[in-house]
Amino acid sequence: MSEIAFNRRTLLRSAGGAALLLGSGALAACGPGGGNNVNSVETNSKIVLPRYIPYTGVTPDFPATEAGIDPAFRNYPKQLARSVTEIPAKGGSLVGLSNIYLPAPPTPDANSWWAGLNKRLGADLNMQMVPAADYTQKFATTIAGNELPDMIQIPSTPNLPDLLAKRFARLDDHLSGDAIKDYPNLANIQSAQWKQTIFNGGIYGIPIPRSRVQFYSFIRQDLFEKYGVSPEPKGRDELLETAKALTDPKERRWAFGSWEHLRLYLLAQNEAPNGWHEEGGKLTNVYETEQYKQTINDIADFWKAGVVHPDSFSATLQPKALFNSGTIAINAVDGMTAWSQYVTDNASNPNFKLGVMPIYTRDGRSLAPWQLGSGMYSFTGLKKQDDPNKIKTILRVLNWLAAPFGTEEYTYAKFGQEGVDHTVSADGVLSLTKQGITNTTLPIRYLADAPITLYQPGRPGDADTQYTYQKKIMAKTIANPTVGLYSNTAATKNVGADKAMVDGVKEIIQGRKPMSSLDELIKKWRTDAGDAMRGEYEQQLQTAGTK
Amino acid sequence: MEKPNVLVQVLKSVALGVSVLLVIIPFWSIIATSLADRQTLDQSAGGMVLWPGDATLSAYASILSGGVVTRALIISIGITVAGTALSLAATAGLAYWLSRRGAFGAKPILLLVLGSLLFSPGLIPSYLLVKELNLLDSWWSLILPVLVNAFNVIVMRAFFQELPQELFDSAYIDGASSFTILTRIVLPVSKAVFAVIGLFYAVAYWNAFFNALLYIQSTDKWPMALVLRTFVVNQTTIAGDQVGASAEALPPQLQLQMAILVVSLIPILLVYPFLQRHFARGVMIGAVKG
């Protein structure tokens, strides 16, 4: 309709990618020093990680484990513990930059919750909020301009170690080892997450912890019951049989939705490496393994058998909506936090019964190793400050924001003031009021956050179900050996190379290209990005091995 | 006149009817989907619907009750009105100058204007310029960098060039200055092109979110388009994040998106009837003569 809108937006957008590279290149040239710090496992492993001191002020019904199982609560604690005794800051203002998935809240003058938060923090917290899809571009421009906010959510970005060294504060003195005791809520974050904030031999941020379980395999328990199939198909053949029993195209019902989700499920089933496989400092990518080929073969078989939704390869496929409507019976792999979303979405649907499914190995002999997530959403970098006390103040503020589930601070951060932002029902369930929904969307959870907790308001049994499931699937796990390492190629070229690879694989599965072309695709991916990534990762791994 | 064959009549009506439906159905579907309740949407398995079922205004209620919406609406109207007026003034001035044969420096300036169609300044240079001009977090950053659009200058210049030279000559003879000619003679006969270009600018100002995203830091200065943008991307995906209790209270994603689409169409729908009579002529300008 309007040419000028088209021109301006596409110009800005298409310029964005190139400018990102340009910006970081210019950055590498500016500012002295910082170049001596090599970002390798050797230098990084010299750092003493912040000590993990679990918070004990609130006792969950089921405890967290260091293996990565999340703590679970049947009910919201009635007595709220206080995890922070002193007001973190003494006046002044702080600026944070982060993404936001929700509508922005009103500013403090019209938002009692935000005003109250400022009072509790002892400082005026200003936030620059950017819709999540546009965050990398905002980040790039903010970095290019010279004035950084005090706290910045760091996305995946080119030349990250250099960028951190030059523009961000090193936090070892404040956080390493026992020093973290000054910030007990940050000490409640596990080492697996802290490891990923280490670059150039120093700690450069506060991790935003997420579950290492990462995914659940969701099923429509009601459909499984209706068609009389076991919710625990053992092995590939049983899975296919189950899928066939659940599928009936005439009734617009299929077993699986997104092929991508099915791929993740089958990769686990075929016991493929989690991203990369490491042996003696040498890395093999999952693409280069027999298990990957097997997986692609399997998906092609499932596709041919007609148990996968026909729109599976479309970018606009909405697996969650399909799952809610019962058009697909299995959401093979979805973020574990989708549990809450499914429960809420289907509150008024009496037929809906949510279940979770473990993944067995291909031959069905045992449970397949669970592919662990990184356990981190992103991390928060702190701008270099002239005054070390300012860093301390900011860390105290972040410590407040990281208050664990069930504390008074957590309750205020997520639910606000009782009677204003939320109400408490007779059985102790907190629900946000209309005002609360509008006011509490400030994205502070991307500056610092409590570890993930399993809790479903008003459904105490869900804690048991989820915890039992986690315990079962996490009995055997497999981690990605490159988590915590940095590859510039992965942050730049691999984005395109991986897409080409995935697009090719989609063609193969749909039978438009022969299975034999897979080798060609892998070769192309290796030359485009894969080998460079491997080189960068191995270099960081091997400098550790040779010492 | 001979009465046309009945069969031809029928075929023509069918063909026209189908064409009309092809245009109307997508619009209807957008409106229906924006009104549909969760159950209807779920039944359609996440697709568009043609009938909203138990129609609900919850999507509109959601986007219009958001924390900063009322303010943003006023801001957007202000920026659109002020921006369009300034843009039209600047574009008309430049286009008029470039359209006059023998005007001083017109050739190199025209090349510069054309050049800006081919080469864009890029994201970071634009940002740095706005920052150096101290326009960050100011509404001027949403207007000044996009004040003049080269495409619109070319269209308007083409229109001015088509005006008969005799008009200018006679005005000169009567002693009119260049400025008087522009305001008294050229502008009154240029309503069509102003209507079209004005609409182009207005729609662009109304819908632009990306520059606001880069330049505006305080949420209380956000325009409507950026506020709406936050609704478009709120959906949690497999790579996204758990967004907390507030997210779960929102209506389904598709319903929200369609409601946003309708809201962003409103200004065009409001203005179009008044501009319609100029429009057919206006968009033809420069179509055959560049």
# chains A, B, ... in the order shown; residues from 1 in each chain; ligands from 1
>>> residues_around(residues="Arg229 (chain B)", least_positions_apart="6", cutoff="9 Å", atoms="only C-alpha atoms", output="PyMOL selection string")
(chain A and resi 103+131) or (chain B and resi 209+260)
>>> select_by_dssp(residues="region 370-413 of chain A", states="helix (DSSP H, G or I)", output="list in words")
Pro388, Asn389, Lys390, Ile391, Lys392, Thr393, Ile394, Leu395, Arg396, Val397, Leu398, Asn399, Trp400, Leu401, Glu408, Glu409, Tyr410, Thr411, Tyr412 and Ala413 of chain A
>>> write_last_selection(atoms="N, CA, C and O atoms", output="mmCIF file, in the first residue's frame")
data_model
loop_
_atom_site.group_PDB
_atom_site.id
_atom_site.type_symbol
_atom_site.label_atom_id
_atom_site.label_comp_id
_atom_site.auth_asym_id
_atom_site.auth_seq_id
_atom_site.Cartn_x
_atom_site.Cartn_y
_atom_site.Cartn_z
ATOM 1 N N PRO A 388 33.706 1.466 42.256
ATOM 2 C CA PRO A 388 33.394 0.055 42.533
ATOM 3 C C PRO A 388 32.162 -0.107 43.430
ATOM 4 O O PRO A 388 31.506 -1.145 43.393
ATOM 5 N N ASN A 389 31.867 0.917 44.225
ATOM 6 C CA ASN A 389 30.687 0.820 45.089
ATOM 7 C C ASN A 389 29.392 0.785 44.290
ATOM 8 O O ASN A 389 28.396 0.210 44.721
ATOM 9 N N LYS A 390 29.439 1.435 43.119
ATOM 10 C CA LYS A 390 28.239 1.426 42.274
ATOM 11 C C LYS A 390 27.972 -0.012 41.801
ATOM 12 O O LYS A 390 26.817 -0.452 41.764
ATOM 13 N N ILE A 391 29.049 -0.738 41.435
ATOM 14 C CA ILE A 391 28.885 -2.149 41.039
ATOM 15 C C ILE A 391 28.251 -2.918 42.190
ATOM 16 O O ILE A 391 27.325 -3.715 41.988
ATOM 17 N N LYS A 392 28.746 -2.663 43.395
ATOM 18 C CA LYS A 392 28.192 -3.358 44.572
ATOM 19 C C LYS A 392 26.700 -3.064 44.717
ATOM 20 O O LYS A 392 25.903 -3.956 44.991
ATOM 21 N N THR A 393 26.345 -1.792 44.532
ATOM 22 C CA THR A 393 24.931 -1.425 44.640
ATOM 23 C C THR A 393 24.100 -2.175 43.604
ATOM 24 O O THR A 393 23.044 -2.738 43.908
ATOM 25 N N ILE A 394 24.610 -2.188 42.361
ATOM 26 C CA ILE A 394 23.853 -2.859 41.297
ATOM 27 C C ILE A 394 23.711 -4.349 41.618
ATOM 28 O O ILE A 394 22.640 -4.934 41.451
ATOM 29 N N LEU A 395 24.798 -4.951 42.120
ATOM 30 C CA LEU A 395 24.724 -6.377 42.455
ATOM 31 C C LEU A 395 23.705 -6.620 43.573
ATOM 32 O O LEU A 395 22.998 -7.625 43.571
ATOM 33 N N ARG A 396 23.629 -5.689 44.524
ATOM 34 C CA ARG A 396 22.636 -5.850 45.591
ATOM 35 C C ARG A 396 21.209 -5.760 45.028
ATOM 36 O O ARG A 396 20.318 -6.491 45.443
ATOM 37 N N VAL A 397 21.034 -4.847 44.070
ATOM 38 C CA VAL A 397 19.724 -4.737 43.426
ATOM 39 C C VAL A 397 19.391 -6.033 42.685
ATOM 40 O O VAL A 397 18.279 -6.571 42.796
ATOM 41 N N LEU A 398 20.373 -6.565 41.938
ATOM 42 C CA LEU A 398 20.137 -7.811 41.204
ATOM 43 C C LEU A 398 19.885 -8.965 42.177
ATOM 44 O O LEU A 398 19.083 -9.862 41.910
ATOM 45 N N ASN A 399 20.576 -8.932 43.311
ATOM 46 C CA ASN A 399 20.356 -9.932 44.346
ATOM 47 C C ASN A 399 18.902 -9.899 44.818
ATOM 48 O O ASN A 399 18.264 -10.928 44.996
ATOM 49 N N TRP A 400 18.370 -8.683 44.966
ATOM 50 C CA TRP A 400 16.962 -8.552 45.358
ATOM 51 C C TRP A 400 16.066 -9.151 44.283
ATOM 52 O O TRP A 400 15.137 -9.901 44.569
ATOM 53 N N LEU A 401 16.382 -8.830 43.019
ATOM 54 C CA LEU A 401 15.539 -9.291 41.917
ATOM 55 C C LEU A 401 15.607 -10.807 41.735
ATOM 56 O O LEU A 401 14.719 -11.414 41.158
ATOM 57 N N GLU A 408 9.204 -13.096 50.198
ATOM 58 C CA GLU A 408 8.415 -11.887 50.122
ATOM 59 C C GLU A 408 8.795 -11.067 48.876
ATOM 60 O O GLU A 408 7.935 -10.531 48.179
ATOM 61 N N GLU A 409 10.095 -11.030 48.596
ATOM 62 C CA GLU A 409 10.575 -10.242 47.453
ATOM 63 C C GLU A 409 10.062 -10.841 46.144
ATOM 64 O O GLU A 409 9.610 -10.121 45.258
ATOM 65 N N TYR A 410 10.156 -12.163 46.027
ATOM 66 C CA TYR A 410 9.673 -12.852 44.822
ATOM 67 C C TYR A 410 8.195 -12.564 44.623
ATOM 68 O O TYR A 410 7.744 -12.237 43.530
ATOM 69 N N THR A 411 7.460 -12.682 45.723
ATOM 70 C CA THR A 411 6.015 -12.491 45.641
ATOM 71 C C THR A 411 5.698 -11.078 45.169
ATOM 72 O O THR A 411 4.817 -10.869 44.339
ATOM 73 N N TYR A 412 6.451 -10.101 45.677
ATOM 74 C CA TYR A 412 6.185 -8.734 45.226
ATOM 75 C C TYR A 412 6.574 -8.574 43.754
ATOM 76 O O TYR A 412 5.837 -7.972 42.963
ATOM 77 N N ALA A 413 7.732 -9.116 43.380
ATOM 78 C CA ALA A 413 8.208 -8.946 42.008
ATOM 79 C C ALA A 413 7.234 -9.548 41.007
ATOM 80 O O ALA A 413 6.988 -8.975 39.946
#
>>> residues_around(residues="Ala491 (chain A)", least_positions_apart="5", cutoff="7 Å", atoms="only C-alpha atoms", output="ChimeraX atom specification")
/A:156-158
>>> residues_around(residues="region 240-246 of chain A", least_positions_apart="3", cutoff="6 Å", atoms="only C-alpha atoms", output="list in words")
Asp237, Ala255 and Val307 of chain A
>>> closest_residue(among="A:Phe62, A:Phe379, A:Phe256, A:Phe139", to="chain B", atoms="only C-alpha atoms")
A:Phe139
